[in-house]
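Undergrad: To start, I am sharing the structure in question, which I have written as structure tokens.
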Amino acid sequence: MTEPTPGPRPRAALAMSHDVASAVLDPESRAALDALCDLAPTVLEDFTTPAARAVLADRELLVTGWGCPPLDDDVLRAAPRLRAVVHTAGSVRGHVTDACWDRGVEVSSAAAANAVPVAEYTLAMILLTGKRVLESARAYRAARTRADWLHTPRTVGNHRRTVGILSASLIGRRVIDLLRPHDLDVLLHDPYVDDAEAARLGVRAVGLTELFRLSDTVSVHTPLLPETRGLVSRELIGSMRPGAVLVNTARGAVLDQDALTDAALAGRIRAVLDVTDPEVLPPDHPLWDCDHVLITPHLAGSQGNEWRRLADTALSEVARWASGEGFLHPVRRERLAFLA
């Protein structure tokens, strides 16, 4: 972490839910942050209270996290000295508003740190599903005897399988990096990445239809925007190879979930869903009991000891800002449309 330079410490406050503050910022991280800043003792999770307004009145920096309320015009009027926001998680869409950009507030995010475990989860699921580990384990548990391995179908395995990456986001690019040592052919669809940049990434740029038609596994990393809602349509899902895998660690609403359900229940495709729409499916939703679908509880992002990576990234950004270096991971208004 960057060491602070001598001088006045910026007046800062934590803005997130109390539970998030306790989870993400352990006592050691809180002590390190307190050494960098004149840190208010109160965690702000409601900006409307008199106590919160008193804290906001002289704060230059907010260290935000999950559960931070929106920083709208009213809040910014109560925080006339606010100059920077350092977010201890990924997306800032939930709390950094147009009013912040209009004011010229500098914004940093730990999205690059949060991308690490998501990419690791994605790599693991691509390799496990390619080897059909879950199906084999289920069959082995049921039979309690080993099948004739010499009759393994040639559709099983990860040698020269084709993996399609939907969106060269922070996470998508990290997944591409992790896939590089493996004997896989990697395709990419991202309308903002040309052939030359794709070649530098070591992948082949293809159209959206081609990505789904040619890939054995498609991994979704596009942010949820008005134009990407339902992007993975019934037509695209229907074009996937029999037995192909759809991995989604982005947002549930990027997929046509009804179409995915129909294809999975019919046994046409398989899926790994770390996100759904709604976030927790109704108890009677057929995907819960579908043998071709693995649903995990939005665990790909930072959890447990991975929170320390988020905290360390935020601490480093605070130290850089306090010393006048500027953020290493700034969030730019003009790039917000391309971010999760």
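Chain labels A, B, ... are given in the sequence in which chains occur in the structure tokens; within each chain residues are numbered consecutively from 1, and ligands are likewise numbered from 1 in the order shown.
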Write out as a PyMOL selection string all residues of region 16-258 of chain A that DSSP puts in strand (DSSP E) for this structure's backbone.
TA: chain A and resi 38-44+61-64+84-87+106-109+161-166+184-189+204-205+217-220+245-248
Undergrad: Could you give me, as a tab-separated table, every region 73-107 of chain A residue with an atom at most 8 Å from region 44-53 of chain A, plus its closest atom pair and distance in Å to one decimal, counting only C-alpha atoms, rows ordered by chain then number?
TA:
```
residue	atom	partner	partner_atom	distance
A:Val75	CA	A:Phe47	CA	6.8
A:Ala78	CA	A:Arg53	CA	6.1
A:Ala79	CA	A:Arg53	CA	7.8
```
Undergrad: Would you export the selected residues with C-alpha atoms as a PDB file, in the first residue's frame, please?
TA:
```pdb
ATOM      1  CA  VAL A  75     -26.826  14.832   0.038  1.00  0.00           C
ATOM      2  CA  ALA A  78     -25.159  18.678   2.959  1.00  0.00           C
ATOM      3  CA  ALA A  79     -21.551  17.775   2.060  1.00  0.00           C
TER       4      ALA A  79
END
```
Undergrad: Let me make sure I understand: among A:Thr313, A:Ser323, A:Thr217, A:Ser233, which one has the smallest atom-to-atom distance to Val86 (chain A) if we use only C-alpha atoms?
TA: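 Result for the nearest residue to Val86 (chain A): A:Thr313.
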Undergrad: DSSP on the backbone, then: every residue of region 99-176 of chain A marked alpha helix (DSSP H), written as JSON, numbers by chain.
TA: {"A": [99, 100, 101, 102, 103, 111, 112, 113, 114, 115, 116, 117, 118, 119, 120, 121, 122, 123, 124, 125, 126, 127, 128, 129, 130, 133, 134, 135, 136, 137, 138, 139, 140, 141, 142, 143, 170, 171, 172, 173, 174, 175, 176]}
Undergrad: Could you turn the residues from that selection into a file that holds N, CA and C atoms, as a compact mmCIF listing (two decimals), in the first residue's frame?
TA:
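What follows is the written file out-v1.txt:
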```txt
# COMPACT_ATOMS: atom_id res chain seq x y z
N ALA A 99 -25.22 13.98 -10.08
CA ALA A 99 -24.86 15.14 -9.26
C ALA A 99 -23.40 15.08 -8.84
N CYS A 100 -22.87 13.89 -8.58
CA CYS A 100 -21.47 13.75 -8.22
C CYS A 100 -20.56 14.16 -9.37
N TRP A 101 -20.89 13.68 -10.57
CA TRP A 101 -20.07 14.04 -11.72
C TRP A 101 -20.17 15.54 -12.00
N ASP A 102 -21.37 16.10 -11.87
CA ASP A 102 -21.54 17.54 -12.10
C ASP A 102 -20.72 18.36 -11.10
N ARG A 103 -20.62 17.88 -9.89
CA ARG A 103 -19.83 18.56 -8.85
C ARG A 103 -18.34 18.41 -9.09
N ALA A 111 -13.29 -2.32 -8.36
CA ALA A 111 -13.81 -3.28 -9.33
C ALA A 111 -12.73 -4.23 -9.82
N ALA A 112 -11.52 -3.74 -10.02
CA ALA A 112 -10.44 -4.61 -10.50
C ALA A 112 -10.14 -5.70 -9.47
N ALA A 113 -10.20 -5.35 -8.19
CA ALA A 113 -9.97 -6.34 -7.14
C ALA A 113 -11.11 -7.34 -7.08
N ASN A 114 -12.34 -6.86 -7.24
CA ASN A 114 -13.49 -7.75 -7.18
C ASN A 114 -13.57 -8.65 -8.41
N ALA A 115 -12.92 -8.25 -9.50
CA ALA A 115 -12.92 -9.08 -10.70
C ALA A 115 -12.13 -10.37 -10.51
N VAL A 116 -11.18 -10.37 -9.59
CA VAL A 116 -10.30 -11.52 -9.43
C VAL A 116 -11.07 -12.78 -9.05
N PRO A 117 -11.85 -12.79 -7.96
CA PRO A 117 -12.55 -14.03 -7.61
C PRO A 117 -13.65 -14.41 -8.62
N VAL A 118 -14.26 -13.42 -9.27
CA VAL A 118 -15.27 -13.75 -10.27
C VAL A 118 -14.63 -14.50 -11.44
N ALA A 119 -13.47 -14.03 -11.86
CA ALA A 119 -12.75 -14.70 -12.95
C ALA A 119 -12.29 -16.09 -12.52
N GLU A 120 -11.85 -16.23 -11.28
CA GLU A 120 -11.43 -17.54 -10.79
C GLU A 120 -12.60 -18.53 -10.77
N TYR A 121 -13.74 -18.07 -10.30
CA TYR A 121 -14.96 -18.90 -10.30
C TYR A 121 -15.30 -19.31 -11.72
N THR A 122 -15.24 -18.36 -12.64
CA THR A 122 -15.60 -18.63 -14.03
C THR A 122 -14.67 -19.68 -14.63
N LEU A 123 -13.37 -19.51 -14.43
CA LEU A 123 -12.41 -20.49 -14.94
C LEU A 123 -12.72 -21.88 -14.38
N ALA A 124 -12.96 -21.95 -13.08
CA ALA A 124 -13.25 -23.24 -12.45
C ALA A 124 -14.48 -23.89 -13.08
N MET A 125 -15.54 -23.10 -13.30
CA MET A 125 -16.77 -23.65 -13.85
C MET A 125 -16.60 -24.07 -15.31
N ILE A 126 -15.83 -23.33 -16.07
CA ILE A 126 -15.57 -23.72 -17.46
C ILE A 126 -14.87 -25.07 -17.50
N LEU A 127 -13.85 -25.26 -16.67
CA LEU A 127 -13.09 -26.51 -16.67
C LEU A 127 -13.91 -27.67 -16.09
N LEU A 128 -14.65 -27.41 -15.02
CA LEU A 128 -15.44 -28.47 -14.40
C LEU A 128 -16.56 -28.95 -15.32
N THR A 129 -17.23 -28.01 -15.98
CA THR A 129 -18.32 -28.42 -16.87
C THR A 129 -17.78 -29.08 -18.13
N GLY A 130 -16.61 -28.65 -18.59
CA GLY A 130 -16.01 -29.31 -19.75
C GLY A 130 -15.70 -30.78 -19.46
N VAL A 133 -17.82 -32.84 -14.54
CA VAL A 133 -17.52 -33.31 -13.19
C VAL A 133 -18.79 -33.51 -12.36
N LEU A 134 -19.71 -32.55 -12.43
CA LEU A 134 -20.90 -32.64 -11.57
C LEU A 134 -21.77 -33.83 -11.95
N GLU A 135 -21.96 -34.04 -13.25
CA GLU A 135 -22.77 -35.17 -13.70
C GLU A 135 -22.10 -36.49 -13.32
N SER A 136 -20.78 -36.55 -13.51
CA SER A 136 -20.06 -37.79 -13.20
C SER A 136 -20.11 -38.09 -11.71
N ALA A 137 -19.97 -37.06 -10.89
CA ALA A 137 -20.02 -37.27 -9.44
C ALA A 137 -21.41 -37.74 -9.01
N ARG A 138 -22.45 -37.16 -9.63
CA ARG A 138 -23.82 -37.56 -9.29
C ARG A 138 -24.07 -39.01 -9.69
N ALA A 139 -23.62 -39.41 -10.87
CA ALA A 139 -23.81 -40.78 -11.33
C ALA A 139 -23.00 -41.76 -10.48
N TYR A 140 -21.80 -41.37 -10.10
CA TYR A 140 -20.93 -42.22 -9.28
C TYR A 140 -21.54 -42.45 -7.90
N ARG A 141 -22.10 -41.39 -7.34
CA ARG A 141 -22.75 -41.51 -6.02
C ARG A 141 -23.96 -42.43 -6.09
N ALA A 142 -24.69 -42.36 -7.20
CA ALA A 142 -25.86 -43.21 -7.35
C ALA A 142 -25.49 -44.67 -7.60
N ALA A 143 -24.49 -44.91 -8.43
CA ALA A 143 -24.13 -46.28 -8.82
C ALA A 143 -23.20 -46.96 -7.82
N LEU A 170 -13.76 -5.79 -17.35
CA LEU A 170 -12.65 -6.11 -16.45
C LEU A 170 -12.62 -7.61 -16.17
N ILE A 171 -13.79 -8.16 -15.86
CA ILE A 171 -13.86 -9.58 -15.54
C ILE A 171 -13.62 -10.43 -16.79
N GLY A 172 -14.25 -10.03 -17.90
CA GLY A 172 -14.05 -10.78 -19.13
C GLY A 172 -12.59 -10.87 -19.53
N ARG A 173 -11.88 -9.76 -19.40
CA ARG A 173 -10.45 -9.75 -19.75
C ARG A 173 -9.64 -10.62 -18.79
N ARG A 174 -10.03 -10.59 -17.52
CA ARG A 174 -9.33 -11.42 -16.54
C ARG A 174 -9.56 -12.90 -16.84
N VAL A 175 -10.77 -13.25 -17.23
CA VAL A 175 -11.06 -14.64 -17.60
C VAL A 175 -10.22 -15.05 -18.80
N ILE A 176 -10.11 -14.18 -19.78
CA ILE A 176 -9.27 -14.47 -20.95
C ILE A 176 -7.84 -14.75 -20.52
```
Undergrad: Mind pulling up the distance from CA of Glu279 (chain A) to CA of Pro226 (chain A)?
TA: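 So the two atoms, CA of Pro226 (chain A) and CA of Glu279 (chain A), lie 17.9 Å apart.
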Undergrad: Would you compute the distance between CA of Gly104 (chain A) and CA of Leu25 (chain A)? Give it in Å to one decimal.
TA: 27.0 Å
Undergrad: Measuring between only C-alpha atoms, which one of A:Leu255, A:Leu184, A:Leu260, A:Leu315 shows the shortest distance to Arg160 (chain A)?
TA: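 For Arg160 (chain A), the nearest of the candidates is A:Leu184.
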Undergrad: Do a neighbour search on Asp38 (chain A) at 6 Å with only C-alpha atoms, toss out local chain neighbours closer than 4 positions, and write the hits as a ChimeraX atom specification.
TA: /A:9-12
